[in-house]
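Have a look at the structure below before the remarks.
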Amino acid sequence: MANPTPFNIDQYLASSGTPYHSLEQLTGGIVNHIWRLTSPSGSSKIIKHGEPYAAANPSIPWPVDRIDFEHRALKTIPAHLPADSQIRIPEVHAYDAEQHVLTITDGGPRTLMEAYTDPAIDIPEYGRRLGIWLRGLHDRTKEVDVGDNGTAKTSYRHAYANVSVTASSLELDPQLRERVDADFGSLLATDDDCVCHGDFWPGNVLVGEKGMMTVVDWEMVRRGCGATDVGSFATEAWLLDRFRGKRGLLGGFLAGYKRGGKLEEAFVRRVVMHMGVHLAYWPSRVRWGDDAETRGVVGLDLGNEMMRWATDEGWRSWLRESLVRELLD
């Protein structure tokens with residue numbers, strides 16, 4: 001791909017007549033360009049701009065309709081969300097569909113992942129509230145249309161389709177990984193139970209003042225199976241608990257989600273499978289510990305075990321001893 005012409009945010013704001021006191025480009029975004037705009041009055045907003053490639057690597061094509069899907073989700077979903085004065089999604093202030101610019105509420109400078117070690121934060125309670133909120137999202141959006149987000153489905157399938165590469169590099173069972181992709185990864189294309197956030201993890205939860213949390217980055221929103229949202233957050237919560245202080249985020253989250261009522265064993269099996277795939281793929285690319293710890297997490301100790309048991313005929317009995325046993329009666 002040829003070097004793209006960079007988007008000039010200063011010219012864009014000037015042409016739209018948007019006054020501001022300061023403009024800070026935020027780091028950490030992989031797909032979009034993101035800024036925090038502070039107005040002359042001192043209030044702040046977030047501006048997201050999408051190009052048809054990944055912001056962190058312009059050589060990677062990425063459909064720009066992701067901004068359209070996020071805008072649609074932010075306008076559609078609030079009417080269906082459970083009432084919670086301390087968890088919200090961003091409010092849309094403006095959307096320029098032609099330039100792919102979305103201006104939304106600023107949820108604060110810290111993610112839950114960054115705030116995890118803050119002793120002033122009751123981590124199990126934050127996890128419990130997020131679990132209750134996510135269950136409400138899944139239960140209340142069974143008939144809500146958010147469009148057919150093909151990019152989200154393809155992106156979510158990526159870990160399933162490529163986990164066999166990880167298996168080879170770590171000398172794990174590649175046949176198991178291929179079976180996991182064929183039997184479970186394939187379901188992502190046709191799952192249609194409810195609205196899924198699509199990238200639900202502590203890095204997409206902003207922590208504000210007085211316990212307020214904002215669930216952000218809805219560009220991977222899709223119709224699907226809620227077990228994938230649960231599995232993604234549960235995995236990252238377990239990693240935080242394992243490597244950042246054992247503060248109980250996973251237990252709180254699972255207990256909160258379970259409060260919504262009985263869950264079918266098949267649903268919990270999907271949670272376990274998604275956790276296994278997540279552990280077998282992502283920690284090999286995002287470092288949490290040394291090589292021995294990575295091999296333990298990705299391989300024999302957890303990721304491999306979860307996928308193996310989830311495909312075993314005796315998976316029902318194993319669920320009772322698994323990390324997600326709190327989801328069962």
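Going by the structure tokens order, chains are called A, B, ..., each with residues numbered from 1, while ligands are numbered from 1 in the order shown.
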
List every residue of stretch 119-185 of chain A that has an atom at most 7 Å from any atom of stretch 220-230 of chain A, and for each one report the closest atom pair and its distance in Å to one decimal, counting only C-alpha atoms, with rows sorted by chain and then by increasing residue number, as a Markdown table.
| residue | atom | partner | partner_atom | distance |
| --- | --- | --- | --- | --- |
| A:His138 | CA | A:Gly226 | CA | 6.1 |
| A:Val146 | CA | A:Arg222 | CA | 6.5 |
| A:Asp148 | CA | A:Arg222 | CA | 6.8 |
| A:Asn149 | CA | A:Arg222 | CA | 5.7 |
| A:Ala152 | CA | A:Met220 | CA | 4.7 |

ask   = So which bits of stretch 112-321 of chain A end up alpha helix (DSSP H) when you DSSP the backbone, as a PyMOL selection string?
value = chain A and resi 112-115+123-140+150-169+174-183+226-244+249-258+265-281+291-298+303-310+315-319

Show which residues sit within 7 Å of stretch 121-133 of chain A, as a compact mmCIF listing (two decimals) with C-alpha atoms, in the first residue's frame. Count only C-alpha atoms, and ignore same-chain residues fewer than 2 positions away.
# COMPACT_ATOMS: atom_id res chain seq x y z
CA PRO A 82 -29.91 -1.96 31.93
CA TYR A 116 -6.12 -2.61 38.43
CA ASP A 118 -4.86 1.06 42.48
CA PRO A 119 -5.60 0.16 46.14
CA ARG A 135 -25.50 -9.89 31.21
CA GLY A 136 -28.06 -7.13 30.83
CA LEU A 137 -26.63 -6.20 27.43
CA ARG A 247 -7.21 -8.93 43.42
CA GLY A 248 -10.27 -10.94 42.40
CA LEU A 249 -11.46 -9.36 39.16
CA LEU A 250 -12.36 -12.71 37.60
CA GLY A 251 -14.44 -13.95 40.52
CA GLY A 252 -16.34 -10.70 40.82
CA PHE A 253 -17.08 -10.59 37.09
CA LEU A 254 -18.32 -14.18 36.88
CA ALA A 255 -20.50 -13.77 39.97
CA GLY A 256 -22.03 -10.62 38.48
CA TYR A 257 -22.81 -12.26 35.15
CA ARG A 259 -26.69 -13.05 38.85
CA GLY A 260 -28.79 -12.72 35.72

request  = Can you work out which one of A:Gly198, A:Gly28, A:Pro174, A:Gly107 has the shortest atom-to-atom distance to A:Met307, counting only C-alpha atoms?
outcome  = A:Pro174

query = Skipping near chain neighbours, those fewer than 5 positions away, what residues fall within 6 Å of A:Thr111 using only C-alpha atoms, listed as number ranges by chain?
reply = A: 203, 205-207

query = Any idea what's packed within 8 Å of stretch 29-40 of chain A, counting only C-alpha atoms, ignoring anything in its chain fewer than 4 positions away? Could you give it as a PyMOL selection string?
reply = chain A and resi 19-25+44-51+53-57+62+106

Output of the above residues as a CSV table (one decimal), in the first residue's frame, restricted to N, CA and C atoms:
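Final file, result_4.csv:
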chain,number,residue,atom,x,y,z
A,19,PRO,N,-13.9,25.2,18.1
A,19,PRO,CA,-12.9,25.8,19.0
A,19,PRO,C,-12.3,24.9,20.0
A,20,TYR,N,-11.1,25.0,20.4
A,20,TYR,CA,-10.5,24.2,21.4
A,20,TYR,C,-9.4,24.9,22.1
A,21,HIS,N,-9.1,24.5,23.3
A,21,HIS,CA,-8.0,25.0,24.1
A,21,HIS,C,-6.8,24.2,23.9
A,22,SER,N,-6.9,22.8,23.8
A,22,SER,CA,-5.8,22.0,23.6
A,22,SER,C,-6.3,20.7,22.9
A,23,LEU,N,-5.3,20.0,22.2
A,23,LEU,CA,-5.6,18.8,21.5
A,23,LEU,C,-4.4,17.8,21.7
A,24,GLU,N,-4.8,16.7,22.3
A,24,GLU,CA,-3.7,15.7,22.6
A,24,GLU,C,-4.0,14.4,21.8
A,25,GLN,N,-3.0,14.0,21.1
A,25,GLN,CA,-3.2,12.7,20.4
A,25,GLN,C,-2.9,11.6,21.4
A,44,SER,N,-13.9,18.1,28.1
A,44,SER,CA,-13.1,17.3,27.1
A,44,SER,C,-14.0,16.4,26.3
A,45,LYS,N,-13.6,16.0,25.1
A,45,LYS,CA,-14.2,15.1,24.3
A,45,LYS,C,-13.2,14.2,23.6
A,46,ILE,N,-13.6,13.1,23.1
A,46,ILE,CA,-12.7,12.2,22.3
A,46,ILE,C,-13.1,12.2,20.9
A,47,ILE,N,-12.1,12.4,20.0
A,47,ILE,CA,-12.3,12.3,18.6
A,47,ILE,C,-11.6,11.1,18.0
A,48,LYS,N,-12.4,10.3,17.2
A,48,LYS,CA,-11.8,9.1,16.6
A,48,LYS,C,-11.9,9.3,15.1
A,49,HIS,N,-10.8,9.0,14.4
A,49,HIS,CA,-10.8,9.1,12.9
A,49,HIS,C,-10.3,7.8,12.4
A,50,GLY,N,-11.1,7.2,11.4
A,50,GLY,CA,-10.7,6.0,10.8
A,50,GLY,C,-10.3,6.1,9.3
A,51,GLU,N,-9.2,5.4,9.0
A,51,GLU,CA,-8.8,5.3,7.6
A,51,GLU,C,-8.9,3.9,7.1
A,53,TYR,N,-7.1,1.6,6.8
A,53,TYR,CA,-5.9,0.8,7.2
A,53,TYR,C,-5.8,1.0,8.7
A,54,ALA,N,-4.9,0.2,9.3
A,54,ALA,CA,-4.7,0.3,10.7
A,54,ALA,C,-3.8,1.5,11.0
A,55,ALA,N,-4.2,2.3,12.0
A,55,ALA,CA,-3.4,3.5,12.3
A,55,ALA,C,-2.0,3.1,12.7
A,56,ALA,N,-1.8,2.0,13.4
A,56,ALA,CA,-0.5,1.6,13.9
A,56,ALA,C,0.4,1.0,12.8
A,57,ASN,N,-0.2,0.6,11.7
A,57,ASN,CA,0.5,0.0,10.6
A,57,ASN,C,-0.2,0.2,9.3
A,62,TRP,N,-7.8,-2.2,6.6
A,62,TRP,CA,-8.8,-2.3,7.7
A,62,TRP,C,-10.1,-1.6,7.2
A,106,ASP,N,-15.8,11.8,26.7
A,106,ASP,CA,-14.5,11.4,27.3
A,106,ASP,C,-14.7,10.6,28.6

message = Given only C-alpha atoms as the basis, pick out the residue of A:Gly108, A:Phe200, A:Trp218, A:Ala115 nearest to A:Phe69.
response = A:Trp218

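In this model, the gap between atom CA of A:Leu112 and atom CA of A:Asn204 comes to 7.7 Å.
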
Pairwise distance for atom CA of A:Thr76 and atom CA of A:Phe184, rounded to one decimal in Å = 29.1 Å
